[in-house]
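**Q** Got a file for you: my_file-v3.cif, mmCIF, C-alpha atoms (C1' of nucleotides).
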data_my_file
#
loop_
_atom_site.label_atom_id
_atom_site.label_comp_id
_atom_site.auth_asym_id
_atom_site.auth_seq_id
_atom_site.Cartn_x
_atom_site.Cartn_y
_atom_site.Cartn_z
CA MET A 139 -76.96 64.25 27.67
CA VAL A 140 -77.73 65.43 24.15
CA ALA A 141 -75.91 68.70 24.67
CA ALA A 142 -72.90 66.90 26.10
CA LEU A 143 -72.70 64.66 23.05
CA VAL A 144 -73.05 67.49 20.56
CA ARG A 145 -70.54 69.68 22.33
CA SER A 146 -68.01 66.95 22.74
CA ALA A 147 -68.35 66.25 19.03
CA PHE A 148 -67.75 69.92 18.36
CA LEU A 149 -64.70 69.81 20.56
CA VAL A 150 -63.24 66.72 18.94
CA ASN A 151 -63.83 68.19 15.51
CA ALA A 152 -61.99 71.35 16.41
CA VAL A 153 -59.02 69.43 17.73
CA TYR A 154 -59.02 67.12 14.76
CA ALA A 155 -59.10 70.07 12.38
CA GLU A 156 -56.25 71.73 14.19
CA SER A 157 -54.10 68.64 13.97
CA SER A 158 -54.86 68.31 10.28
CA ARG A 159 -53.93 71.87 9.60
CA GLU A 160 -50.62 71.47 11.36
CA HIS A 161 -49.82 68.61 9.04
CA GLY A 162 -50.80 70.49 5.93
CA ILE A 163 -53.91 68.50 5.14
CA THR A 164 -57.63 68.98 5.46
CA PRO A 165 -59.60 67.07 8.07
CA GLN A 166 -61.22 65.00 5.34
CA GLN A 167 -57.92 64.04 3.87
CA GLY A 168 -56.70 63.21 7.34
CA GLN A 169 -59.68 60.98 7.83
CA LEU A 170 -59.01 59.28 4.54
CA LEU A 171 -55.43 58.59 5.54
CA CYS A 172 -56.54 57.16 8.86
CA VAL A 173 -59.03 54.84 7.23
CA LEU A 174 -56.38 53.60 4.84
CA MET A 175 -53.80 52.95 7.54
CA PRO A 176 -54.80 49.33 8.09
CA GLY A 177 -54.57 48.65 4.37
CA PRO A 178 -55.80 49.49 0.88
CA CYS A 179 -59.46 49.83 0.16
CA GLY A 180 -61.86 50.08 -2.75
CA MET A 181 -63.78 53.24 -3.50
CA GLY A 182 -67.11 51.70 -2.62
CA GLU A 183 -65.83 50.51 0.70
CA LEU A 184 -64.43 53.95 1.44
CA GLY A 185 -67.75 55.52 0.61
CA THR A 186 -69.49 53.31 3.14
CA MET A 187 -66.89 53.95 5.81
CA LEU A 188 -66.82 57.71 5.43
CA ARG A 189 -70.51 58.00 4.60
CA LEU A 190 -69.77 59.88 1.40
CA ALA A 191 -71.44 59.75 -1.99
CA LYS A 192 -69.39 58.20 -4.74
CA SER A 193 -68.81 61.48 -6.50
CA SER A 194 -67.64 63.13 -3.30
CA LEU A 195 -65.16 60.37 -2.78
CA THR A 196 -63.76 60.62 -6.29
CA GLY A 197 -62.94 64.25 -5.63
CA LEU A 198 -61.42 63.61 -2.23
CA VAL A 199 -59.20 60.83 -3.54
CA ASP A 200 -58.27 63.00 -6.52
CA ARG A 201 -57.05 65.80 -4.33
CA THR A 202 -55.27 63.51 -1.91
CA GLU A 203 -53.64 61.73 -4.80
CA ARG A 204 -52.53 65.03 -6.26
CA ASN A 205 -50.83 65.67 -2.92
CA GLY A 206 -48.93 62.44 -3.34
CA LEU A 207 -50.39 60.79 -0.25
CA VAL A 208 -52.48 58.15 -1.88
CA ARG A 209 -52.44 56.09 -5.04
CA ARG A 210 -55.01 54.36 -7.19
CA THR A 211 -54.21 50.83 -8.24
CA PRO A 212 -56.25 48.64 -10.56
CA ASP A 213 -57.95 45.75 -8.86
CA PRO A 214 -56.65 42.47 -10.28
CA GLN A 215 -59.98 40.73 -9.67
CA ASP A 216 -62.21 43.35 -11.21
CA THR A 217 -61.27 45.63 -14.05
CA ARG A 218 -63.85 48.19 -13.03
CA ALA A 219 -62.66 48.50 -9.48
CA VAL A 220 -59.83 50.48 -8.00
CA ARG A 221 -57.80 50.00 -4.86
CA VAL A 222 -56.78 53.10 -3.00
CA ALA A 223 -53.57 52.75 -1.03
CA LEU A 224 -51.25 55.00 0.92
CA THR A 225 -48.02 55.99 -0.76
CA PRO A 226 -44.88 55.78 1.37
CA ARG A 227 -45.14 59.48 2.01
CA GLY A 228 -48.83 59.15 2.78
CA SER A 229 -48.11 56.34 5.15
CA ARG A 230 -45.54 58.37 6.98
CA LEU A 231 -47.80 61.40 7.19
CA ALA A 232 -50.73 59.26 8.30
CA ALA A 233 -48.71 57.85 11.17
CA GLU A 234 -47.54 61.28 12.26
CA PHE A 235 -50.97 62.82 11.97
CA TYR A 236 -52.60 59.94 13.76
CA GLU A 237 -50.19 60.11 16.63
CA ALA A 238 -50.52 63.86 16.97
CA ALA A 239 -54.30 63.71 16.88
CA CYS A 240 -54.30 60.96 19.49
CA ALA A 241 -52.04 62.97 21.73
CA ARG A 242 -54.27 66.02 21.50
CA ILE A 243 -57.51 64.17 21.96
CA ASP A 244 -56.08 62.22 24.82
CA GLU A 245 -55.58 65.53 26.58
CA LEU A 246 -59.25 66.43 26.45
CA PRO A 247 -60.31 64.29 29.40
CA ALA A 248 -57.35 65.49 31.44
CA GLY A 249 -59.67 66.47 34.25
CA LEU A 250 -60.89 62.93 34.75
CA SER A 251 -59.30 60.31 36.93
CA ALA A 252 -57.99 57.10 35.40
CA THR A 253 -61.06 55.26 36.61
CA GLU A 254 -63.41 57.83 35.20
CA ARG A 255 -61.67 57.63 31.88
CA GLU A 256 -62.12 53.91 31.83
CA VAL A 257 -65.80 54.29 32.48
CA LEU A 258 -66.20 57.01 29.86
CA ALA A 259 -64.31 55.01 27.27
CA GLY A 260 -66.40 51.96 28.03
CA LEU A 261 -69.74 53.71 27.75
CA LEU A 262 -68.80 55.69 24.68
CA GLY A 263 -67.38 52.56 23.13
CA ARG A 264 -70.68 50.81 23.60
CA VAL A 265 -72.61 53.67 22.04
CA VAL A 266 -70.26 53.61 19.09
CA ARG A 267 -70.55 49.87 18.72
CA ASP A 268 -74.33 49.85 19.12
CA ASN A 269 -74.61 52.36 16.34
CA LYS A 270 -72.28 50.47 14.06
CA VAL A 271 -69.91 53.34 13.50
CA PRO A 272 -67.31 52.26 10.97
CA PRO A 273 -63.69 52.25 12.17
CA VAL A 274 -62.93 55.74 10.93
CA PHE A 275 -60.23 56.00 13.52
CA ALA A 276 -58.19 53.09 14.75
CA GLU A 277 -57.88 52.05 18.34
CA PRO A 278 -54.42 52.94 19.50
CA ASP A 279 -52.95 49.72 20.82
CA GLU A 280 -55.35 48.48 23.40
CA GLY A 281 -54.19 47.09 26.67
CA ALA A 282 -51.51 49.52 27.84
CA ALA A 283 -53.22 52.24 29.86
CA GLY A 284 -51.02 55.20 29.05
CA GLY A 285 -47.95 53.46 27.78
CA ARG A 286 -47.21 53.93 24.13
CA GLY A 287 -45.81 51.38 21.82
CA HIS A 288 -45.66 51.66 18.09
CA MET B 220 -60.60 56.17 24.65
CA VAL B 221 -59.35 58.33 21.83
CA ALA B 222 -61.00 56.16 19.22
CA ALA B 223 -64.27 56.20 21.15
CA LEU B 224 -64.25 59.98 21.25
CA VAL B 225 -63.43 60.38 17.57
CA ARG B 226 -65.98 57.83 16.47
CA SER B 227 -68.71 59.22 18.64
CA ALA B 228 -67.98 62.63 17.17
CA PHE B 229 -68.26 61.13 13.71
CA LEU B 230 -71.55 59.58 14.68
CA VAL B 231 -73.00 62.75 16.12
CA ASN B 232 -71.92 64.68 13.06
CA ALA B 233 -73.66 62.26 10.77
CA VAL B 234 -76.88 62.46 12.74
CA TYR B 235 -76.67 66.22 12.95
CA ALA B 236 -76.13 66.47 9.21
CA GLU B 237 -79.05 64.21 8.53
CA SER B 238 -81.35 66.29 10.69
CA SER B 239 -80.19 69.46 8.98
CA ARG B 240 -80.82 68.04 5.59
CA GLU B 241 -84.34 67.03 6.50
CA HIS B 242 -85.04 70.61 7.45
CA GLY B 243 -83.59 72.03 4.28
CA ILE B 244 -80.53 73.62 5.82
CA THR B 245 -76.86 72.84 6.04
CA PRO B 246 -75.29 71.67 9.30
CA GLN B 247 -73.49 74.99 9.62
CA GLN B 248 -76.67 76.95 9.23
CA GLY B 249 -78.32 74.65 11.73
CA GLN B 250 -75.56 75.33 14.18
CA LEU B 251 -75.94 79.05 13.63
CA LEU B 252 -79.65 78.84 14.34
CA CYS B 253 -79.03 76.87 17.51
CA VAL B 254 -76.48 79.37 18.78
CA LEU B 255 -78.91 82.21 18.16
CA MET B 256 -81.83 80.52 19.90
CA PRO B 257 -81.11 82.08 23.29
CA GLY B 258 -80.93 85.55 21.73
CA PRO B 259 -79.22 87.85 19.23
CA CYS B 260 -75.48 87.98 18.97
CA GLY B 261 -72.75 90.08 17.40
CA MET B 262 -70.60 88.76 14.62
CA GLY B 263 -67.49 88.73 16.75
CA GLU B 264 -69.22 86.76 19.45
CA LEU B 265 -70.48 84.28 16.89
CA GLY B 266 -67.00 83.86 15.51
CA THR B 267 -65.71 82.95 18.94
CA MET B 268 -68.57 80.56 19.61
CA LEU B 269 -68.37 78.73 16.33
CA ARG B 270 -64.61 79.01 16.04
CA LEU B 271 -64.85 80.60 12.64
CA ALA B 272 -62.82 83.35 11.01
CA LYS B 273 -64.64 86.60 10.52
CA SER B 274 -64.81 86.25 6.79
CA SER B 275 -66.23 82.73 7.08
CA LEU B 276 -68.93 84.04 9.34
CA THR B 277 -69.89 86.85 7.01
CA GLY B 278 -70.56 84.28 4.31
CA LEU B 279 -72.50 81.97 6.57
CA VAL B 280 -74.71 84.76 7.85
CA ASP B 281 -75.15 86.01 4.28
CA ARG B 282 -76.45 82.68 3.10
CA THR B 283 -78.63 82.15 6.12
CA GLU B 284 -80.02 85.66 5.76
CA ARG B 285 -80.74 85.01 2.11
CA ASN B 286 -82.78 82.03 3.26
CA GLY B 287 -84.81 84.34 5.46
CA LEU B 288 -83.82 82.65 8.70
CA VAL B 289 -81.71 85.37 10.20
CA ARG B 290 -81.50 89.14 10.12
CA ARG B 291 -78.79 91.73 10.62
CA THR B 292 -79.64 94.66 12.86
CA PRO B 293 -77.41 97.66 13.57
CA ASP B 294 -76.07 97.76 17.10
CA PRO B 295 -77.36 100.90 18.85
CA GLN B 296 -74.20 101.17 20.99
CA ASP B 297 -71.67 100.76 18.21
CA THR B 298 -72.19 101.86 14.63
CA ARG B 299 -69.61 99.39 13.36
CA ALA B 300 -71.20 96.39 14.99
CA VAL B 301 -74.10 94.26 13.90
CA ARG B 302 -76.51 92.12 15.81
CA VAL B 303 -77.60 88.90 14.22
CA ALA B 304 -81.04 87.68 15.25
CA LEU B 305 -83.44 84.96 14.23
CA THR B 306 -86.38 85.98 12.09
CA PRO B 307 -89.76 84.56 13.10
CA ARG B 308 -89.36 81.90 10.46
CA GLY B 309 -85.81 81.21 11.57
CA SER B 310 -86.97 80.94 15.14
CA ARG B 311 -89.61 78.43 14.20
CA LEU B 312 -87.22 76.39 12.09
CA ALA B 313 -84.58 76.51 14.80
CA ALA B 314 -87.01 75.09 17.34
CA GLU B 315 -88.09 72.32 15.00
CA PHE B 316 -84.58 71.46 13.97
CA TYR B 317 -83.34 71.54 17.52
CA GLU B 318 -86.06 69.24 18.70
CA ALA B 319 -85.55 66.79 15.86
CA ALA B 320 -81.81 66.72 16.38
CA CYS B 321 -82.28 66.15 20.10
CA ALA B 322 -84.66 63.30 19.44
CA ARG B 323 -82.24 61.61 17.08
CA ILE B 324 -79.21 62.09 19.23
CA ASP B 325 -81.08 60.96 22.25
CA GLU B 326 -81.58 57.66 20.48
CA LEU B 327 -77.89 57.03 20.10
CA PRO B 328 -77.31 55.76 23.65
CA ALA B 329 -80.43 53.60 23.45
CA GLY B 330 -78.40 50.60 24.51
CA LEU B 331 -77.47 52.14 27.85
CA SER B 332 -79.49 51.97 31.01
CA ALA B 333 -80.80 55.12 32.61
CA THR B 334 -78.03 55.01 35.17
CA GLU B 335 -75.36 54.54 32.56
CA ARG B 336 -76.70 57.48 30.63
CA GLU B 337 -76.47 59.61 33.70
CA VAL B 338 -72.88 58.62 34.21
CA LEU B 339 -71.99 59.20 30.57
CA ALA B 340 -73.69 62.58 30.51
CA GLY B 341 -71.89 63.58 33.68
CA LEU B 342 -68.44 62.60 32.51
CA LEU B 343 -68.89 64.03 29.04
CA GLY B 344 -70.29 67.18 30.57
CA ARG B 345 -67.18 67.58 32.65
CA VAL B 346 -64.91 67.10 29.67
CA VAL B 347 -66.88 69.70 27.79
CA ARG B 348 -66.78 72.11 30.68
CA ASP B 349 -63.08 71.56 31.36
CA ASN B 350 -62.31 72.38 27.78
CA LYS B 351 -64.46 75.47 27.76
CA VAL B 352 -66.56 74.43 24.81
CA PRO B 353 -68.90 77.29 23.96
CA PRO B 354 -72.64 76.55 24.19
CA VAL B 355 -73.02 75.59 20.56
CA PHE B 356 -75.99 73.50 21.48
CA ALA B 357 -78.34 74.31 24.31
CA GLU B 358 -79.19 71.99 27.13
CA PRO B 359 -82.68 70.76 26.52
CA ASP B 360 -84.61 72.24 29.40
CA GLU B 361 -85.79 69.63 31.88
CA GLY B 362 -89.24 71.19 31.63
CA ALA B 363 -89.28 70.58 27.88
CA ALA B 364 -91.85 68.34 26.28
CA GLY B 365 -92.04 64.61 26.59
CA GLY B 366 -89.35 63.30 24.30
CA ARG B 367 -87.89 61.14 27.02
CA GLY B 368 -87.00 58.31 24.65
CA HIS B 369 -88.79 55.35 26.13
"C1'" DG C 213 -72.49 34.36 -27.46
"C1'" DT C 214 -75.66 37.82 -26.91
"C1'" DT C 215 -78.38 40.40 -23.98
"C1'" DC C 216 -79.43 42.78 -19.93
"C1'" DG C 217 -79.54 44.35 -15.28
"C1'" DA C 218 -76.39 45.47 -11.68
"C1'" DT C 219 -71.98 47.29 -10.07
"C1'" DA C 220 -67.56 50.41 -9.84
"C1'" DG C 221 -65.96 54.76 -10.82
"C1'" DT C 222 -65.77 59.14 -13.22
"C1'" DT C 223 -67.43 63.59 -15.00
"C1'" DC C 224 -69.90 67.77 -14.65
"C1'" DG C 225 -72.35 71.57 -12.69
"C1'" DC C 226 -73.73 73.55 -8.53
"C1'" DA C 227 -74.05 75.59 -3.91
"C1'" DG C 228 -71.82 75.91 0.26
"C1'" DC C 229 -67.77 76.37 3.32
"C1'" DA C 230 -63.42 78.21 5.38
"C1'" DC C 231 -59.54 80.90 5.05
"C1'" DG C 232 -56.19 85.03 4.63
"C1'" DA C 233 -55.24 89.54 2.95
"C1'" DA C 234 -56.82 93.88 1.98
"C1'" DT C 235 -60.39 97.38 2.88
"C1'" DT C 236 -63.87 100.45 5.05
"C1'" DT C 237 -65.85 102.43 8.80
"C1'" DC C 238 -66.06 103.63 13.27
"C1'" DC C 239 -64.54 103.81 18.40
"C1'" DG C 240 -61.65 105.64 21.79
"C1'" DG C 241 -57.55 107.64 24.03
"C1'" DG C 242 -53.87 111.03 23.82
"C1'" DC D 51 -57.32 116.40 15.75
"C1'" DC D 52 -55.09 112.13 15.04
"C1'" DC D 53 -53.93 107.54 15.25
"C1'" DG D 54 -54.09 102.67 16.85
"C1'" DG D 55 -57.27 99.24 17.08
"C1'" DA D 56 -61.74 96.88 16.65
"C1'" DA D 57 -66.06 95.36 13.74
"C1'" DA D 58 -67.40 93.84 9.41
"C1'" DT D 59 -67.18 93.23 4.51
"C1'" DT D 60 -65.06 92.12 0.05
"C1'" DC D 61 -62.35 89.33 -2.86
"C1'" DG D 62 -59.95 85.40 -4.58
"C1'" DT D 63 -58.76 80.56 -3.76
"C1'" DG D 64 -59.22 75.80 -2.86
"C1'" DC D 65 -61.93 72.22 -0.64
"C1'" DT D 66 -66.45 69.73 0.24
"C1'" DG D 67 -70.56 67.29 -0.83
"C1'" DC D 68 -74.24 66.19 -3.73
"C1'" DG D 69 -77.14 64.33 -7.71
"C1'" DA D 70 -77.63 63.24 -12.45
"C1'" DA D 71 -75.66 61.45 -16.36
"C1'" DC D 72 -72.14 58.63 -18.25
"C1'" DT D 73 -68.60 54.68 -19.27
"C1'" DA D 74 -67.08 50.31 -18.69
"C1'" DT D 75 -67.19 46.00 -16.75
"C1'" DC D 76 -69.21 41.93 -14.43
"C1'" DG D 77 -72.20 38.12 -14.12
"C1'" DA D 78 -76.11 35.56 -15.08
"C1'" DA D 79 -79.75 34.17 -17.86
"C1'" DC D 80 -81.15 32.93 -22.15
#
Could you express the structure from this file as structure tokens?
**A**
Amino acid sequence: MVAALVRSAFLVNAVYAESSREHGITPQQGQLLCVLMPGPCGMGELGTMLRLAKSSLTGLVDRTERNGLVRRTPDPQDTRAVRVALTPRGSRLAAEFYEAACARIDELPAGLSATEREVLAGLLGRVVRDNKVPPVFAEPDEGAAGGRGH
Amino acid sequence: MVAALVRSAFLVNAVYAESSREHGITPQQGQLLCVLMPGPCGMGELGTMLRLAKSSLTGLVDRTERNGLVRRTPDPQDTRAVRVALTPRGSRLAAEFYEAACARIDELPAGLSATEREVLAGLLGRVVRDNKVPPVFAEPDEGAAGGRGH
DNA sequence: GTTCGATAGTTCGCAGCACGAATTTCCGGG
DNA sequence: CCCGGAAATTCGTGCTGCGAACTATCGAAC
């Protein structure tokens, strides 16, 4: 059980890293883009989501901003705070990266039947939920089992 | 499905990192120790296992050697090659770290019944096997001590 | 309206990580 | 003997993650 979890994590990481590389970003930057896809976010919130210290996050956002994928905006409610949002280019890249990563990861359980996949997804989903994992990666449209909409 | 895999990987990584930190090593060094637990290994082999470039591995082994956890030995068969082995201290730390990580990770599916765990382990094990993930983390031996959760 | 503790982010220095290109040394076959 | 290839290392670069110290603001209490 433990070994299966660790190894599958290793596997997913490798695939995730490969997808990132193909899109010219680091895995961390890819993760940042994915977290921002639903909408802008404050630094503090991002730190909680990604489990990063504040200073780590400043650097990550700096670099991603330098790449033109993300933008800092002042928060109208709070002068101290900052909202981090995707730029148009970042948004485009995020969508492409996300789709590519999904495609690759979706291939991993290729040896399982549809039913087995359902079961695996259900169990893993419960583990994830029980452990309150933040939504670091969005659910691709639920409902359609294999069909792809935008 | 995809989201569940990515998030569970994120979760396992976080737990793995936390365990490493508590033992005064980095996750990468922890992984190196775990790979070496069954026995010594050449650099090339390690690179394949950990999916690292040769130069990355040299650095990782350097740092871990500096910490006194690992040792380079000349390969008797091939003057060019090197065997990397755990030092006694590294062996001890590896065992401790491994056990702690197992305990933590074993807690993650606490919300599942014994049967569900079996099913999850089986399915995940197949995915791992189908994708030829190297044994970056050993199967805890069924004989091993009584950390059977609850 | 000043004071003061908390909050949001940044800066800085540090060690580690991962890579590619170039290099050294050695193995093996022709 | 010679050369192609394999095993490692070195070097330079950029990214990662952290803690401690800092700035600036918020909000509440006085």
**Q** For this file, the PyMOL selection byres ((chain B) within 10 of (chain A)) selects which residues, as a ChimeraX atom specification?
**A** /B:220-233,235,269-270,320-331,335-359
**Q** Please write the residues from the selection above to a file, keeping C-alpha atoms, as a PDB file, in the frame of the given file.
**A**
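As a result, again22.pdb now contains:
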ATOM      1  CA  MET B 220     -60.600  56.170  24.650  1.00  0.00           C
ATOM      2  CA  VAL B 221     -59.350  58.330  21.830  1.00  0.00           C
ATOM      3  CA  ALA B 222     -61.000  56.160  19.220  1.00  0.00           C
ATOM      4  CA  ALA B 223     -64.270  56.200  21.150  1.00  0.00           C
ATOM      5  CA  LEU B 224     -64.250  59.980  21.250  1.00  0.00           C
ATOM      6  CA  VAL B 225     -63.430  60.380  17.570  1.00  0.00           C
ATOM      7  CA  ARG B 226     -65.980  57.830  16.470  1.00  0.00           C
ATOM      8  CA  SER B 227     -68.710  59.220  18.640  1.00  0.00           C
ATOM      9  CA  ALA B 228     -67.980  62.630  17.170  1.00  0.00           C
ATOM     10  CA  PHE B 229     -68.260  61.130  13.710  1.00  0.00           C
ATOM     11  CA  LEU B 230     -71.550  59.580  14.680  1.00  0.00           C
ATOM     12  CA  VAL B 231     -73.000  62.750  16.120  1.00  0.00           C
ATOM     13  CA  ASN B 232     -71.920  64.680  13.060  1.00  0.00           C
ATOM     14  CA  ALA B 233     -73.660  62.260  10.770  1.00  0.00           C
ATOM     15  CA  TYR B 235     -76.670  66.220  12.950  1.00  0.00           C
ATOM     16  CA  LEU B 269     -68.370  78.730  16.330  1.00  0.00           C
ATOM     17  CA  ARG B 270     -64.610  79.010  16.040  1.00  0.00           C
ATOM     18  CA  ALA B 320     -81.810  66.720  16.380  1.00  0.00           C
ATOM     19  CA  CYS B 321     -82.280  66.150  20.100  1.00  0.00           C
ATOM     20  CA  ALA B 322     -84.660  63.300  19.440  1.00  0.00           C
ATOM     21  CA  ARG B 323     -82.240  61.610  17.080  1.00  0.00           C
ATOM     22  CA  ILE B 324     -79.210  62.090  19.230  1.00  0.00           C
ATOM     23  CA  ASP B 325     -81.080  60.960  22.250  1.00  0.00           C
ATOM     24  CA  GLU B 326     -81.580  57.660  20.480  1.00  0.00           C
ATOM     25  CA  LEU B 327     -77.890  57.030  20.100  1.00  0.00           C
ATOM     26  CA  PRO B 328     -77.310  55.760  23.650  1.00  0.00           C
ATOM     27  CA  ALA B 329     -80.430  53.600  23.450  1.00  0.00           C
ATOM     28  CA  GLY B 330     -78.400  50.600  24.510  1.00  0.00           C
ATOM     29  CA  LEU B 331     -77.470  52.140  27.850  1.00  0.00           C
ATOM     30  CA  GLU B 335     -75.360  54.540  32.560  1.00  0.00           C
ATOM     31  CA  ARG B 336     -76.700  57.480  30.630  1.00  0.00           C
ATOM     32  CA  GLU B 337     -76.470  59.610  33.700  1.00  0.00           C
ATOM     33  CA  VAL B 338     -72.880  58.620  34.210  1.00  0.00           C
ATOM     34  CA  LEU B 339     -71.990  59.200  30.570  1.00  0.00           C
ATOM     35  CA  ALA B 340     -73.690  62.580  30.510  1.00  0.00           C
ATOM     36  CA  GLY B 341     -71.890  63.580  33.680  1.00  0.00           C
ATOM     37  CA  LEU B 342     -68.440  62.600  32.510  1.00  0.00           C
ATOM     38  CA  LEU B 343     -68.890  64.030  29.040  1.00  0.00           C
ATOM     39  CA  GLY B 344     -70.290  67.180  30.570  1.00  0.00           C
ATOM     40  CA  ARG B 345     -67.180  67.580  32.650  1.00  0.00           C
ATOM     41  CA  VAL B 346     -64.910  67.100  29.670  1.00  0.00           C
ATOM     42  CA  VAL B 347     -66.880  69.700  27.790  1.00  0.00           C
ATOM     43  CA  ARG B 348     -66.780  72.110  30.680  1.00  0.00           C
ATOM     44  CA  ASP B 349     -63.080  71.560  31.360  1.00  0.00           C
ATOM     45  CA  ASN B 350     -62.310  72.380  27.780  1.00  0.00           C
ATOM     46  CA  LYS B 351     -64.460  75.470  27.760  1.00  0.00           C
ATOM     47  CA  VAL B 352     -66.560  74.430  24.810  1.00  0.00           C
ATOM     48  CA  PRO B 353     -68.900  77.290  23.960  1.00  0.00           C
ATOM     49  CA  PRO B 354     -72.640  76.550  24.190  1.00  0.00           C
ATOM     50  CA  VAL B 355     -73.020  75.590  20.560  1.00  0.00           C
ATOM     51  CA  PHE B 356     -75.990  73.500  21.480  1.00  0.00           C
ATOM     52  CA  ALA B 357     -78.340  74.310  24.310  1.00  0.00           C
ATOM     53  CA  GLU B 358     -79.190  71.990  27.130  1.00  0.00           C
ATOM     54  CA  PRO B 359     -82.680  70.760  26.520  1.00  0.00           C
TER      55      PRO B 359
END
**Q** Report the residues retrieved by the PyMOL selection byres ((chain A) within 7 of (chain D)) from the displayed file, expressed as a PyMOL selection string.
**A** chain A and resi 194+217-218
**Q** Over all Cα atoms in order, fit chain B to chain A and jot down the RMSD to one decimal place.
**A**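 That comparison of chain A with chain B gives 2.3 Å.
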**Q** To one decimal in Å, tell me the separation between atom CA of B:Leu305 and atom CA of B:Val289.
**A**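 Atom-to-atom, atom CA of B:Leu305 and atom CA of B:Val289 are spaced 4.4 Å apart.
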**Q** For atom CA of A:Val153 and atom CA of A:Met181, determine how far apart the two atoms are, in Å to one decimal place.
**A** 27.1 Å
**Q** Please check the contacts: residues of chain A at most 12 Å away from chain C, using all atoms listed in the file, listed as a PyMOL selection string.
**A** chain A and resi 155+159+164+180-183+185+191-197+199-200+210+212-213+216-221
**Q** Assuming 4 Å of padding per side, give the centre and edge lengths of the axis-aligned box around every listed atom of stretch 224-243 of chain B, in Å to one decimal and as JSON.
**A**
{"center_x": -74.2, "center_y": 64.9, "center_z": 12.8, "size_x": 29.6, "size_y": 22.2, "size_z": 25.0}
